[in-house]
Amino acid sequence: MEWYARYGRATLPWRAIRDPYRTLVSEFMLQQTQVDRVVPKFEAFVERFPDVEALANARIADVLRLWQGLGYNTRGVRLANVAKEIVSRFGGVIPANVEALQSLPGIGPYTARAIAAFGFDEPLAPVDTNVRRIVHRVFFGIEHPPKAAPAQLDERAQELVPARGHDWSSALMDLGATICTARAPKCMLCPLYDECASAPLDAAVVERLRREHAKAPSPQNAIPFETTVRYARGRVVDRLRELPPGEAISFLDLHRELATLERSREELSEVVAALERDGLVTSRPEGLSLRE
DNA sequence: AAAACGGGGTG
DNA sequence: CACCCAGTTTT
């Protein structure tokens, strides 16, 4: 905690102002997404949608426009749906209870605990990739190969949490993001050096062990990203984001404009259908648009 | 248990 | 250029 007081990222916008709604928004944006890329998006988002009610009344299309550049666009849809459910099921008040939180769309075990800990200062351990890595290195040794099961790491992380959860978990995550990093840990700067089962860790050794225990590359890593469905989805959503609010584009126009994708009408149709199922896109007689 | 889901920074 | 990132949902 002394290290955190001195070197922690206290000015992150969801820490400078503590508020469960800001915690909710930040945690959705931070799923699988680095802090540096979230900060500017977060600030624009909470300015446009300052509270649960504003977000509950938002058009999905506007949420998705603010989501540009973050990736995993269904997170934006789910976040807006969470706001609606909070209004309809919880009277507009974000629950502090983990089970209630996890019943909401897009909130899994990590995010439920993160909202409870960061939003309500509950003594719970949100175990993200940082906490997982730190706990593994400190108590079980270097994580390549893994010597601890996920359940063991959860349990060990939870045992560490003091009475108030916010600063403790913030500290662990900052340590993981800046010192106890995945590739090139800076053990010589680490406040846990003396208690750590892995210190001092040499970056070259980490790299070698990682390589030795690397899983066989999945076949889709061998093909160019531009040929993947994910890429096609991204280009479709990008095109629909450009549409002025209220306007639509016909499927055939979309297919023509996205000719560089080299997708047949049938293939592109399947991409659009999946986006519809995911709640991002609406198909009407006038054409396609982001969902209202 | 494995795959799908984005996109940008990094060593 | 493979890996990594405040994970969750679907298959």
# chains A, B, ... in the order shown; residues from 1 in each chain; ligands from 1
>>> interface_residues(of="chain C", to="chain A", cutoff="7 Å", atoms="only C-alpha atoms (C1' of nucleotides)", output="list of chain:residue names")
C:DC5, C:DA6, C:DG7, C:DT8
>>> select_by_dssp(residues="region 135-270 of chain A", states="helix (DSSP H, G or I)", output="PyMOL selection string")
chain A and resi 135-140+150-160+166-178+187-189+193-195+203-212+219-222+225-227+229-242+251-257+259-261+265-270
>>> interface_residues(of="chain B", to="chain A", cutoff="7 Å", atoms="only C-alpha atoms (C1' of nucleotides)", output="PyMOL selection string")
chain B and resi 5-7
>>> residues_around(residues="region 136-143 of chain A", least_positions_apart="4", cutoff="7 Å", atoms="only C-alpha atoms (C1' of nucleotides)", output="list in words")
Arg132, Lys147, Ala148, Leu153, Glu195, Cys196, Ala197 and Ser198 of chain A
>>> atom_distance(atom1="CA of Glu242 (chain A)", atom2="CA of Ser283 (chain A)")
16.3 Å
>>> residues_around(residues="region 87-90 of chain A", least_positions_apart="5", cutoff="12 Å", atoms="only C-alpha atoms (C1' of nucleotides)", output="compact mmCIF listing (two decimals) with N, CA, C and O atoms, in the first residue's frame")
# COMPACT_ATOMS: atom_id res chain seq x y z
N ASP A 51 -25.20 9.18 -16.30
CA ASP A 51 -25.71 8.30 -15.24
C ASP A 51 -26.50 7.14 -15.84
O ASP A 51 -26.69 7.08 -17.06
N VAL A 52 -26.95 6.24 -14.97
CA VAL A 52 -27.65 5.04 -15.42
C VAL A 52 -28.87 5.39 -16.26
O VAL A 52 -29.12 4.77 -17.30
N GLU A 53 -29.62 6.38 -15.81
CA GLU A 53 -30.85 6.72 -16.53
C GLU A 53 -30.53 7.21 -17.94
O GLU A 53 -31.20 6.82 -18.90
N ALA A 54 -29.54 8.05 -18.06
CA ALA A 54 -29.16 8.55 -19.39
C ALA A 54 -28.77 7.39 -20.31
O ALA A 54 -29.16 7.36 -21.48
N LEU A 55 -28.03 6.45 -19.77
CA LEU A 55 -27.60 5.32 -20.59
C LEU A 55 -28.77 4.40 -20.92
O LEU A 55 -28.86 3.86 -22.02
N ALA A 56 -29.67 4.24 -19.95
CA ALA A 56 -30.85 3.39 -20.19
C ALA A 56 -31.71 3.95 -21.31
O ALA A 56 -32.39 3.20 -22.01
N ASN A 57 -31.69 5.26 -21.48
CA ASN A 57 -32.50 5.89 -22.52
C ASN A 57 -31.73 6.10 -23.82
O ASN A 57 -32.28 6.66 -24.78
N ALA A 80 -25.41 -1.08 -22.35
CA ALA A 80 -26.68 -0.33 -22.45
C ALA A 80 -27.84 -1.17 -21.92
O ALA A 80 -28.73 -0.65 -21.22
N ASN A 81 -27.81 -2.46 -22.20
CA ASN A 81 -28.87 -3.33 -21.70
C ASN A 81 -28.80 -3.49 -20.19
O ASN A 81 -29.83 -3.63 -19.52
N VAL A 82 -27.60 -3.48 -19.65
CA VAL A 82 -27.45 -3.50 -18.19
C VAL A 82 -28.13 -2.27 -17.58
O VAL A 82 -28.86 -2.38 -16.59
N PRO A 95 -26.81 -2.50 -8.14
CA PRO A 95 -26.68 -3.38 -6.98
C PRO A 95 -25.22 -3.55 -6.56
O PRO A 95 -24.31 -3.51 -7.39
N ALA A 96 -25.00 -3.73 -5.26
CA ALA A 96 -23.66 -3.96 -4.74
C ALA A 96 -23.40 -5.45 -4.55
O ALA A 96 -22.30 -5.86 -4.21
N ASN A 97 -24.43 -6.23 -4.76
CA ASN A 97 -24.39 -7.67 -4.51
C ASN A 97 -23.85 -8.43 -5.72
O ASN A 97 -24.32 -8.24 -6.84
N ALA A 100 -26.44 -10.52 -7.77
CA ALA A 100 -27.32 -9.65 -8.56
C ALA A 100 -26.56 -9.09 -9.76
O ALA A 100 -27.07 -9.07 -10.88
N LEU A 101 -25.34 -8.65 -9.53
CA LEU A 101 -24.54 -8.09 -10.61
C LEU A 101 -24.31 -9.12 -11.71
O LEU A 101 -24.42 -8.83 -12.90
N SER A 103 -26.03 -11.49 -12.60
CA SER A 103 -27.24 -11.86 -13.35
C SER A 103 -27.46 -10.91 -14.53
O SER A 103 -28.37 -11.12 -15.33
N LEU A 104 -26.65 -9.85 -14.62
CA LEU A 104 -26.82 -8.87 -15.69
C LEU A 104 -25.95 -9.25 -16.89
O LEU A 104 -24.87 -9.84 -16.73
>>> residues_around(residues="DC1 (chain C)", least_positions_apart="6", cutoff="12 Å", atoms="only C-alpha atoms (C1' of nucleotides)", output="count of residues only")
5
